[in-house]
$ cat structure.cif   # mmCIF, C-alpha atoms and all ligand atoms
data_target
loop_
_atom_site.label_atom_id
_atom_site.label_comp_id
_atom_site.auth_asym_id
_atom_site.auth_seq_id
_atom_site.Cartn_x
_atom_site.Cartn_y
_atom_site.Cartn_z
CA MET A 1 64.74 24.59 18.27
CA ARG A 2 61.78 26.93 17.95
CA ILE A 3 61.36 26.08 14.21
CA LYS A 4 61.44 22.36 15.01
CA TYR A 5 58.75 22.89 17.67
CA ILE A 6 56.56 24.80 15.22
CA LEU A 7 57.03 22.06 12.58
CA ILE A 8 55.98 19.35 15.04
CA LEU A 9 53.00 21.43 16.13
CA ASN A 10 51.99 21.98 12.52
CA SER A 11 52.13 18.31 11.70
CA ILE A 12 50.04 17.48 14.78
CA ILE A 13 47.41 20.03 13.71
CA LEU A 14 47.52 18.72 10.12
CA PHE A 15 47.23 15.09 11.23
CA SER A 16 44.32 15.70 13.55
CA ALA A 17 42.58 17.78 10.87
CA CYS A 18 42.91 14.86 8.44
CA ALA A 19 41.77 12.32 11.00
CA THR A 20 38.56 14.13 11.84
CA LYS A 21 37.69 15.50 8.43
CA PRO A 22 34.59 13.69 7.15
CA ILE A 23 34.90 11.82 3.86
CA MET A 24 33.50 13.82 0.94
CA TYR A 25 31.95 11.57 -1.68
CA ASP A 26 31.61 12.51 -5.32
CA SER A 27 30.14 9.24 -6.56
CA PHE A 28 27.84 6.37 -5.58
CA LYS A 29 29.40 3.00 -4.74
CA PRO A 30 26.55 0.49 -4.68
CA GLY A 31 26.84 -2.18 -1.99
CA GLU A 32 29.70 -0.52 -0.09
CA ILE A 33 29.75 0.98 3.39
CA TRP A 34 28.35 4.53 3.09
CA LEU A 35 29.55 6.92 5.79
CA ASP A 36 27.52 9.86 7.03
CA ASN A 37 28.96 13.20 8.23
CA ASN A 38 29.98 11.52 11.52
CA GLY A 39 31.85 8.69 9.77
CA VAL A 40 29.10 6.17 10.61
CA HIS A 41 27.47 3.84 8.04
CA VAL A 42 24.08 5.33 7.03
CA ASN A 43 21.31 3.58 8.95
CA ALA A 44 18.13 4.06 6.91
CA HIS A 45 16.98 0.75 5.47
CA GLY A 46 13.81 0.11 3.48
CA GLY A 47 13.82 3.86 3.04
CA GLY A 48 12.48 6.62 0.88
CA ILE A 49 13.42 10.20 0.08
CA LEU A 50 11.50 13.47 0.20
CA PHE A 51 12.88 16.61 -1.46
CA ASP A 52 11.98 19.72 0.51
CA ASP A 53 13.27 23.28 0.37
CA GLY A 54 16.49 22.51 -1.50
CA ARG A 55 17.44 19.37 0.39
CA TYR A 56 16.82 15.66 0.14
CA TYR A 57 15.65 13.88 3.30
CA TRP A 58 16.21 10.13 3.52
CA PHE A 59 14.02 8.23 6.00
CA GLY A 60 14.56 4.55 6.77
CA GLU A 61 14.57 1.78 9.35
CA HIS A 62 17.29 2.18 11.96
CA LYS A 63 18.72 -1.34 12.34
CA THR A 64 20.90 -2.56 15.20
CA GLU A 65 23.50 -5.30 15.46
CA GLY A 66 22.82 -9.01 15.10
CA GLU A 67 19.65 -10.83 14.12
CA ASN A 68 17.63 -9.03 16.75
CA GLY A 69 18.58 -5.85 14.90
CA ASN A 70 15.85 -6.55 12.35
CA PHE A 71 13.29 -5.53 14.97
CA ALA A 72 12.58 -1.85 15.60
CA ASN A 73 14.80 -1.16 18.60
CA VAL A 74 15.31 2.53 17.86
CA GLY A 75 12.91 3.89 15.22
CA VAL A 76 13.01 5.73 11.92
CA HIS A 77 16.29 7.48 11.12
CA CYS A 78 16.51 10.66 9.02
CA TYR A 79 19.46 12.04 7.01
CA SER A 80 19.68 15.12 4.80
CA SER A 81 21.75 15.95 1.74
CA ARG A 82 22.07 18.53 -0.99
CA ASP A 83 24.00 16.40 -3.49
CA LEU A 84 22.75 12.85 -2.67
CA TYR A 85 26.37 11.65 -2.18
CA ASN A 86 27.00 13.15 1.26
CA TRP A 87 24.50 12.66 4.09
CA THR A 88 24.12 14.51 7.37
CA ASP A 89 22.67 12.65 10.33
CA GLU A 90 19.43 14.41 11.37
CA GLY A 91 18.72 11.92 14.16
CA ILE A 92 15.73 9.72 14.91
CA ALA A 93 12.58 11.13 13.30
CA LEU A 94 10.16 8.67 14.91
CA ALA A 95 11.34 6.94 18.06
CA VAL A 96 9.93 3.62 19.26
CA MET A 97 8.39 3.69 22.75
CA PRO A 98 10.12 2.12 25.75
CA ASP A 99 9.96 -1.61 26.55
CA SER A 100 6.73 -2.66 28.25
CA SER A 101 5.06 0.67 27.52
CA GLY A 102 2.27 -1.22 25.77
CA SER A 103 2.45 1.18 22.82
CA ASP A 104 1.75 -0.12 19.31
CA ILE A 105 5.24 1.06 18.43
CA GLU A 106 6.94 -0.37 21.50
CA LYS A 107 10.64 -1.23 21.20
CA GLY A 108 10.91 -4.69 19.62
CA CYS A 109 7.95 -4.28 17.28
CA ILE A 110 8.47 -4.59 13.52
CA LEU A 111 8.42 -1.20 11.83
CA GLU A 112 9.38 -1.36 8.17
CA ARG A 113 9.58 0.67 4.95
CA PRO A 114 8.73 4.13 6.38
CA LYS A 115 7.90 6.77 3.76
CA VAL A 116 7.25 10.49 4.26
CA ILE A 117 5.29 12.91 2.07
CA LYS A 118 4.37 16.53 2.64
CA ASN A 119 0.78 17.68 2.74
CA ASN A 120 0.69 21.16 1.21
CA LYS A 121 -2.81 21.88 2.58
CA THR A 122 -2.02 21.18 6.24
CA GLY A 123 1.70 21.93 5.99
CA GLN A 124 2.36 18.67 7.85
CA TYR A 125 4.84 15.95 7.05
CA VAL A 126 3.08 12.59 7.06
CA MET A 127 4.86 9.28 7.59
CA TRP A 128 3.32 5.87 6.87
CA PHE A 129 5.01 2.55 7.64
CA HIS A 130 4.36 -1.18 7.88
CA LEU A 131 3.78 -2.09 11.52
CA GLU A 132 3.69 -5.45 13.26
CA PRO A 133 2.96 -5.30 16.99
CA LYS A 134 5.66 -6.75 19.23
CA GLY A 135 5.81 -10.52 19.63
CA LYS A 136 3.21 -11.33 16.99
CA GLY A 137 5.45 -12.09 14.02
CA TYR A 138 4.02 -10.80 10.74
CA LYS A 139 0.36 -11.57 11.52
CA GLY A 140 -0.74 -7.99 12.23
CA ALA A 141 -0.22 -6.62 8.69
CA LEU A 142 -0.97 -3.08 9.89
CA SER A 143 -0.14 0.36 8.53
CA GLY A 144 1.05 2.99 10.98
CA VAL A 145 0.88 6.75 10.54
CA ALA A 146 2.79 9.56 12.25
CA VAL A 147 2.98 13.33 11.67
CA SER A 148 5.26 16.25 12.31
CA ASP A 149 5.40 19.98 11.57
CA ASN A 150 9.15 19.65 11.00
CA ILE A 151 10.50 17.44 8.29
CA THR A 152 13.20 15.89 10.48
CA GLY A 153 10.76 15.31 13.33
CA PRO A 154 10.08 14.43 16.03
CA TYR A 155 7.09 12.64 14.48
CA THR A 156 4.06 11.86 16.62
CA TYR A 157 2.56 8.42 16.20
CA ILE A 158 -1.20 8.65 15.57
CA LYS A 159 -2.61 5.20 14.86
CA SER A 160 -2.26 1.94 13.01
CA VAL A 161 -4.93 0.45 10.80
CA ARG A 162 -5.82 -2.25 8.37
CA PRO A 163 -6.73 -0.17 5.32
CA ASN A 164 -10.19 0.33 3.87
CA ALA A 165 -12.30 -1.53 6.43
CA GLY A 166 -15.87 -1.89 5.16
CA HIS A 167 -14.99 -1.11 1.53
CA PHE A 168 -14.64 -3.31 -1.49
CA PRO A 169 -12.21 -2.16 -4.20
CA PHE A 170 -13.58 -0.63 -7.41
CA ASN A 171 -12.45 -3.72 -9.30
CA VAL A 172 -14.05 -6.25 -6.92
CA LEU A 173 -15.08 -9.57 -8.48
CA ASP A 174 -18.38 -11.34 -7.84
CA ILE A 175 -16.53 -14.10 -6.05
CA HIS A 176 -15.45 -11.64 -3.33
CA TYR A 177 -19.03 -11.21 -2.15
CA GLY A 178 -19.19 -14.92 -1.33
CA ASP A 179 -17.69 -17.12 1.38
CA SER A 180 -13.98 -17.41 2.10
CA PRO A 181 -12.72 -20.95 2.50
CA SER A 182 -10.52 -21.34 5.56
CA LEU A 183 -6.88 -21.09 4.60
CA GLY A 184 -5.75 -23.53 7.27
CA GLN A 185 -2.07 -22.75 7.68
CA ARG A 186 -1.77 -19.10 6.76
CA PHE A 187 0.87 -17.10 4.92
CA ASP A 188 3.89 -19.21 4.02
CA GLY A 189 5.97 -16.47 2.52
CA GLY A 190 5.20 -16.36 -1.14
CA SER A 191 2.62 -18.84 -2.27
CA LEU A 192 -0.84 -20.05 -1.41
CA PRO A 193 -2.69 -23.11 -2.58
CA GLY A 194 -5.03 -22.58 -5.48
CA ASN A 195 -6.30 -19.51 -7.26
CA ILE A 196 -6.10 -16.34 -5.17
CA ASP A 197 -9.55 -15.13 -6.10
CA THR A 198 -11.25 -18.40 -5.17
CA LEU A 199 -9.57 -18.13 -1.74
CA ASN A 200 -11.35 -14.78 -1.34
CA ILE A 201 -8.93 -13.27 1.16
CA LEU A 202 -10.28 -9.88 0.15
CA GLY A 203 -13.83 -10.80 1.22
CA ARG A 204 -12.55 -12.38 4.43
CA ASP A 205 -10.88 -9.09 5.43
CA MET A 206 -13.51 -6.68 4.11
CA LYS A 207 -15.05 -5.83 7.48
CA GLY A 208 -11.86 -5.55 9.53
CA GLY A 209 -9.71 -3.95 6.82
CA GLN A 210 -7.22 -5.30 4.34
CA MET A 211 -3.80 -6.69 5.25
CA ALA A 212 -0.92 -4.32 4.42
CA ARG A 213 2.76 -5.22 4.64
CA ASP A 214 5.48 -3.93 2.25
CA MET A 215 4.46 -0.44 1.21
CA THR A 216 5.24 2.91 -0.29
CA LEU A 217 3.51 6.28 -0.71
CA PHE A 218 3.02 8.40 -3.80
CA ALA A 219 1.99 12.07 -3.89
CA ASP A 220 0.74 12.98 -7.36
CA ASP A 221 1.03 16.37 -9.07
CA ASP A 222 -2.63 17.19 -8.31
CA GLY A 223 -2.04 16.86 -4.54
CA LYS A 224 -3.72 13.46 -4.20
CA ALA A 225 -1.69 10.81 -2.44
CA TYR A 226 -1.79 7.04 -2.55
CA HIS A 227 -0.76 4.17 -0.30
CA ILE A 228 0.56 1.16 -2.20
CA TYR A 229 0.92 -2.07 -0.25
CA SER A 230 1.18 -5.85 -0.47
CA SER A 231 -2.16 -7.22 0.68
CA GLU A 232 -4.23 -10.41 0.77
CA GLU A 233 -1.50 -12.49 2.48
CA ASN A 234 1.03 -10.70 0.23
CA SER A 235 -0.56 -12.20 -2.88
CA THR A 236 -1.99 -9.00 -4.36
CA LEU A 237 -0.95 -5.36 -4.53
CA HIS A 238 -3.45 -2.70 -3.47
CA ILE A 239 -3.31 0.95 -4.48
CA ALA A 240 -5.44 3.07 -2.16
CA GLU A 241 -6.33 6.76 -2.20
CA LEU A 242 -5.55 8.76 0.94
CA SER A 243 -7.81 11.45 2.40
CA ASP A 244 -7.01 15.12 1.76
CA ASP A 245 -4.97 15.31 4.99
CA TYR A 246 -3.14 12.06 4.04
CA LEU A 247 -3.99 10.57 7.46
CA SER A 248 -6.52 7.93 6.42
CA HIS A 249 -7.85 5.95 3.47
CA THR A 250 -10.90 7.17 1.53
CA GLY A 251 -12.21 3.69 0.71
CA LYS A 252 -11.33 4.10 -2.96
CA TYR A 253 -8.81 1.45 -3.93
CA GLY A 254 -7.95 -1.14 -6.53
CA ARG A 255 -6.31 -4.56 -6.45
CA PHE A 256 -3.59 -5.37 -8.97
CA PHE A 257 -1.38 -8.30 -9.99
CA PRO A 258 -3.53 -10.87 -8.09
CA GLY A 259 -1.54 -13.96 -7.17
CA ARG A 260 1.79 -12.43 -8.23
CA PHE A 261 3.07 -11.94 -4.66
CA MET A 262 4.61 -8.55 -5.39
CA GLU A 263 6.59 -6.97 -2.55
CA ALA A 264 8.82 -3.92 -2.07
CA PRO A 265 6.83 -1.56 -4.32
CA ALA A 266 8.64 1.52 -5.65
CA ILE A 267 6.69 3.93 -7.86
CA PHE A 268 7.53 6.93 -10.03
CA LYS A 269 5.93 9.06 -12.72
CA ARG A 270 7.54 10.10 -15.98
CA ASN A 271 5.90 11.82 -18.98
CA ASN A 272 2.45 11.21 -17.48
CA LYS A 273 3.02 7.48 -17.16
CA TYR A 274 3.25 5.66 -13.86
CA TYR A 275 5.89 3.01 -13.31
CA LEU A 276 6.22 0.40 -10.59
CA MET A 277 9.20 -1.69 -9.65
CA MET A 278 8.61 -4.60 -7.28
CA SER A 279 10.19 -7.79 -6.04
CA GLY A 280 8.91 -11.31 -5.55
CA CYS A 281 8.30 -12.60 -2.04
CA THR A 282 11.32 -14.41 -0.55
CA GLY A 283 11.89 -12.63 2.78
CA TRP A 284 15.33 -11.08 3.22
CA ALA A 285 16.78 -13.14 0.35
CA PRO A 286 16.92 -11.21 -2.93
CA ASN A 287 14.93 -12.32 -5.96
CA GLN A 288 14.23 -11.22 -9.53
CA ALA A 289 12.70 -7.77 -9.94
CA ARG A 290 9.47 -7.03 -11.75
CA SER A 291 8.22 -3.81 -13.34
CA ALA A 292 4.98 -2.42 -14.71
CA VAL A 293 3.59 0.66 -16.46
CA SER A 294 0.20 2.35 -16.48
CA ASP A 295 -1.44 5.49 -17.90
CA GLY A 296 -3.19 6.12 -14.58
CA ILE A 297 -2.46 5.34 -10.96
CA PHE A 298 -5.45 2.98 -10.86
CA GLY A 299 -4.45 1.13 -14.02
CA GLU A 300 -4.57 -0.54 -16.29
CA TRP A 301 -1.19 -1.83 -15.09
CA LYS A 302 0.80 -3.78 -17.64
CA GLU A 303 3.75 -5.88 -16.50
CA LEU A 304 7.04 -5.11 -18.26
CA GLY A 305 9.20 -7.86 -16.80
CA ASP A 306 12.58 -7.65 -15.10
CA PRO A 307 14.15 -4.19 -15.66
CA CYS A 308 17.64 -5.37 -14.65
CA ILE A 309 20.12 -5.90 -17.48
CA GLY A 310 23.06 -8.23 -16.95
CA ASP A 311 21.72 -9.47 -13.62
CA SER A 312 22.71 -13.06 -14.36
CA MET A 313 21.84 -14.32 -10.87
CA HIS A 314 18.30 -12.85 -11.13
CA THR A 315 18.62 -11.20 -7.72
CA THR A 316 18.12 -7.53 -8.68
CA PHE A 317 21.92 -7.21 -8.32
CA HIS A 318 21.56 -8.71 -4.85
CA SER A 319 19.08 -6.11 -3.64
CA GLN A 320 15.39 -5.44 -3.12
CA SER A 321 13.66 -2.28 -4.30
CA THR A 322 12.57 0.38 -1.83
CA PHE A 323 12.26 3.65 -3.78
CA ILE A 324 12.83 5.29 -7.14
CA LEU A 325 13.97 8.86 -6.72
CA PRO A 326 13.41 11.61 -9.31
CA VAL A 327 16.51 13.83 -9.10
CA GLN A 328 15.68 17.54 -8.94
CA GLY A 329 16.80 19.77 -11.77
CA LYS A 330 18.25 16.93 -13.83
CA LYS A 331 16.11 15.93 -16.75
CA GLU A 332 15.24 12.25 -17.04
CA THR A 333 17.31 11.37 -13.99
CA TYR A 334 15.92 8.78 -11.64
CA ILE A 335 17.78 6.64 -9.12
CA TYR A 336 16.88 3.08 -8.21
CA MET A 337 17.27 2.63 -4.44
CA GLY A 338 17.48 -0.93 -3.16
CA ASP A 339 18.43 -2.70 0.05
CA ARG A 340 21.05 -5.41 0.26
CA TRP A 341 19.82 -6.97 3.49
CA THR A 342 22.12 -8.76 5.94
CA PRO A 343 19.56 -10.32 8.28
CA GLN A 344 22.22 -12.02 10.46
CA ASN A 345 23.68 -8.59 11.29
CA ALA A 346 20.96 -6.15 10.31
CA ILE A 347 22.99 -2.96 10.89
CA ASP A 348 25.42 -4.01 8.14
CA GLY A 349 22.73 -3.84 5.43
CA ARG A 350 23.98 -2.01 2.33
CA TYR A 351 22.39 0.29 -0.20
CA VAL A 352 22.34 -0.37 -3.91
CA TRP A 353 21.66 2.85 -5.81
CA LEU A 354 21.78 2.65 -9.59
CA PRO A 355 20.77 4.96 -12.45
CA VAL A 356 17.51 4.26 -14.26
CA ARG A 357 17.66 4.32 -18.05
CA PHE A 358 14.71 4.65 -20.41
CA GLU A 359 13.94 3.18 -23.80
CA GLU A 360 10.57 4.35 -25.08
CA ASP A 361 8.03 3.30 -22.45
CA ARG A 362 10.32 0.93 -20.58
CA PHE A 363 12.96 1.48 -17.94
CA PHE A 364 16.14 -0.45 -17.26
CA ILE A 365 18.78 -0.73 -14.57
CA GLU A 366 22.37 -1.84 -15.04
CA TRP A 367 25.08 -2.57 -12.50
CA LYS A 368 27.85 -0.03 -11.86
CA ASP A 369 30.65 -0.46 -9.31
CA GLN A 370 30.84 3.30 -9.02
CA TRP A 371 29.00 6.13 -10.78
CA ASN A 372 28.12 9.79 -10.68
CA TRP A 373 26.25 12.25 -12.88
CA GLU A 374 29.31 12.83 -15.05
CA ASN A 375 29.91 9.18 -16.00
CA ARG A 376 26.26 8.13 -16.11
CA ASP A 377 26.06 6.90 -19.70
CA ASN A 378 22.43 7.58 -20.52
C1 LIG B 401 10.83 -8.94 2.85
C2 LIG B 401 10.25 -7.55 2.95
C3 LIG B 401 10.98 -6.80 4.03
C4 LIG B 401 10.85 -7.59 5.32
C5 LIG B 401 11.33 -9.02 5.12
C6 LIG B 401 11.15 -9.87 6.35
O1 LIG B 401 10.20 -9.69 1.86
O2 LIG B 401 10.38 -6.90 1.72
O3 LIG B 401 10.47 -5.51 4.14
O4 LIG B 401 9.50 -7.62 5.70
O5 LIG B 401 10.65 -9.61 4.05
O6 LIG B 401 11.46 -11.21 6.10
#
$ encode --input "structure.cif" --output "structure tokens" --more "lines below"
Ligand code: GAL
Amino acid sequence: MRIKYILILNSIILFSACATKPIMYDSFKPGEIWLDNNGVHVNAHGGGILFDDGRYYWFGEHKTEGENGNFANVGVHCYSSRDLYNWTDEGIALAVMPDSSGSDIEKGCILERPKVIKNNKTGQYVMWFHLEPKGKGYKGALSGVAVSDNITGPYTYIKSVRPNAGHFPFNVLDIHYGDSPSLGQRFDGGSLPGNIDTLNILGRDMKGGQMARDMTLFADDDGKAYHIYSSEENSTLHIAELSDDYLSHTGKYGRFFPGRFMEAPAIFKRNNKYYLMMSGCTGWAPNQARSAVSDGIFGEWKELGDPCIGDSMHTTFHSQSTFILPVQGKKETYIYMGDRWTPQNAIDGRYVWLPVRFEEDRFFIEWKDQWNWENRDN
């Protein structure tokens, strides 16, 4: 009787141990549900990763259920990991402000593509993101900035700006000093009538600052950092230098790929060359990726075409770029991080992480149902 009792007790203990034990991953499964340490699908969309003191920190948009879940109802979520497969929930790094608080980052605003870098001079962690004030659609085209002394937060919101007010880029054209014809109906999501330079959107916005939507940050080896964003009604990518404290723009910037409507910029550096991966401009629907290479951050950027191999649908394997992560301590190892958006139920958005492969000065990405360092065949 006693033995039977002990056996039952043991199996209860064993069962409950199994039921609560978090899943341990040892591979990436692009496009599948990805559970965190609490057994909840990771909620960090449009994200980026910062490696700090032996750990990776993943920051991204916290989405909620349904279509309304595309708005910022919660804030920027942070997760940490040592192996990149298994992620611990570190909570909300930057929280939106309550309804009707009148804050720029009030609940219901649009807060997208947050990226965090560390400033070694000030010791602060600096977050930039694309911000659209509540109820104004995508007209604001602002960049928000927040800081924290702790990597996981809480981050304090400082301000939002249109970059580089009062400054022309170093590669300004004569035409930008002239008039700007009225655009009539504005941004239509990926094309504008006529030649971008003759429309002179840059000149139109010179005084008030340039539009900035999809964005990323890049901290270079020399400590300088750059803000890279889709500008001029999304038609043209700007690369702008940040001040020494990373909290504002210096006024030094360049415009690249005019009229190409590049979105979702992801940048990395390898062997002293800079690489960009970007998407076209089709909202939440995926489109064909683009890539480019340059010897310097400010150019000359040369387009390399679609880096995806075997992507017969031309949808970047049904994803949109958000970040390219250099893996610490592994030579030549970079991970493509993309979002597979589900705008009708935003919280269900998936992550497509794939290995980046190099051939001379080009990089390529191929689909894998499942992969890890051991079976990465490059
Ligand atoms: C995408 C962009 C996303 C989000 C979306 C809204 O093109 O990359 O970050 O802004 O449009 O439709």
$ residues_near_ligand --input "structure.cif" --ligand "ligand LIG 401 (chain B)" --cutoff "6 Å" --atoms "all atoms listed in the file" --output "ChimeraX atom specification"
/A:112,214,263-264,281-284
$ closest_residue --input "structure.cif" --among "A:Met206, A:Val126, A:Ile49, A:Ile228" --to "Gly153 of chain A" --atoms "only C-alpha atoms"
A:Val126
$ closest_residue --input "structure.cif" --among "A:Ser231, A:Asn86, A:Asn272, A:Asn150" --to "Val116 of chain A" --atoms "only C-alpha atoms"
A:Asn150
$ atom_distance --input "structure.cif" --atom1 "atom CA of Ile175 of chain A" --atom2 "atom CA of Lys252 of chain A"
19.2 Å
$ residues_near_point --input "structure.cif" --point "(21.1, -1.2, 5.3)" --cutoff "12 Å" --atoms "all atoms listed in the file" --output "VMD selection string"
chain A and resid 30 to 35 41 to 47 59 to 65 69 to 70 77 113 284 319 to 320 322 337 to 343 345 to 353
$ closest_residue --input "structure.cif" --among "A:Thr88, A:Ser248, A:Ser180, A:Thr236" --to "Gly144 of chain A" --atoms "all atoms listed in the file"
A:Ser248
$ residues_around --input "structure.cif" --residues "segment 105-108 of chain A" --least-positions-apart "6" --cutoff "6 Å" --atoms "all atoms listed in the file" --output "MDAnalysis selection string"
chainID A and resid 71:73 96:99 134
$ write_last_selection --input "structure.cif" --atoms "C-alpha atoms" --output "tab-separated table (two decimals), keeping the file's coordinate frame"
chain	number	residue	atom	x	y	z
A	71	PHE	CA	13.29	-5.53	14.97
A	72	ALA	CA	12.58	-1.85	15.60
A	73	ASN	CA	14.80	-1.16	18.60
A	96	VAL	CA	9.93	3.62	19.26
A	97	MET	CA	8.39	3.69	22.75
A	98	PRO	CA	10.12	2.12	25.75
A	99	ASP	CA	9.96	-1.61	26.55
A	134	LYS	CA	5.66	-6.75	19.23
$ atom_distance --input "structure.cif" --atom1 "atom CA of Tyr274 of chain A" --atom2 "atom CA of Phe298 of chain A"
9.6 Å
$ residues_near_point --input "structure.cif" --point "(18.9, -3.6, -15.3)" --cutoff "8 Å" --atoms "all atoms listed in the file" --output "PDB file with C-alpha atoms, keeping the file's coordinate frame"
ATOM      1  CA  ASP A 306      12.580  -7.650 -15.100  1.00  0.00           C
ATOM      2  CA  PRO A 307      14.150  -4.190 -15.660  1.00  0.00           C
ATOM      3  CA  CYS A 308      17.640  -5.370 -14.650  1.00  0.00           C
ATOM      4  CA  ILE A 309      20.120  -5.900 -17.480  1.00  0.00           C
ATOM      5  CA  GLY A 310      23.060  -8.230 -16.950  1.00  0.00           C
ATOM      6  CA  ASP A 311      21.720  -9.470 -13.620  1.00  0.00           C
ATOM      7  CA  THR A 316      18.120  -7.530  -8.680  1.00  0.00           C
ATOM      8  CA  PHE A 364      16.140  -0.450 -17.260  1.00  0.00           C
ATOM      9  CA  ILE A 365      18.780  -0.730 -14.570  1.00  0.00           C
ATOM     10  CA  GLU A 366      22.370  -1.840 -15.040  1.00  0.00           C
ATOM     11  CA  TRP A 367      25.080  -2.570 -12.500  1.00  0.00           C
TER      12      TRP A 367
END
$ closest_residue --input "structure.cif" --among "A:Glu374, A:Glu67, A:Asp149, A:Asp52" --to "Lys330 of chain A" --atoms "all atoms listed in the file"
A:Glu374
$ atom_distance --input "structure.cif" --atom1 "atom CA of Pro163 of chain A" --atom2 "atom CA of Trp301 of chain A"
21.2 Å
$ closest_residue --input "structure.cif" --among "A:Tyr226, A:Tyr79, A:Phe51, A:Trp87" --to "Asp26 of chain A" --atoms "only C-alpha atoms"
A:Trp87
$ closest_residue --input "structure.cif" --among "A:Lys159, A:Lys273, A:Arg204, A:Arg213" --to "His176 of chain A" --atoms "only C-alpha atoms"
A:Arg204
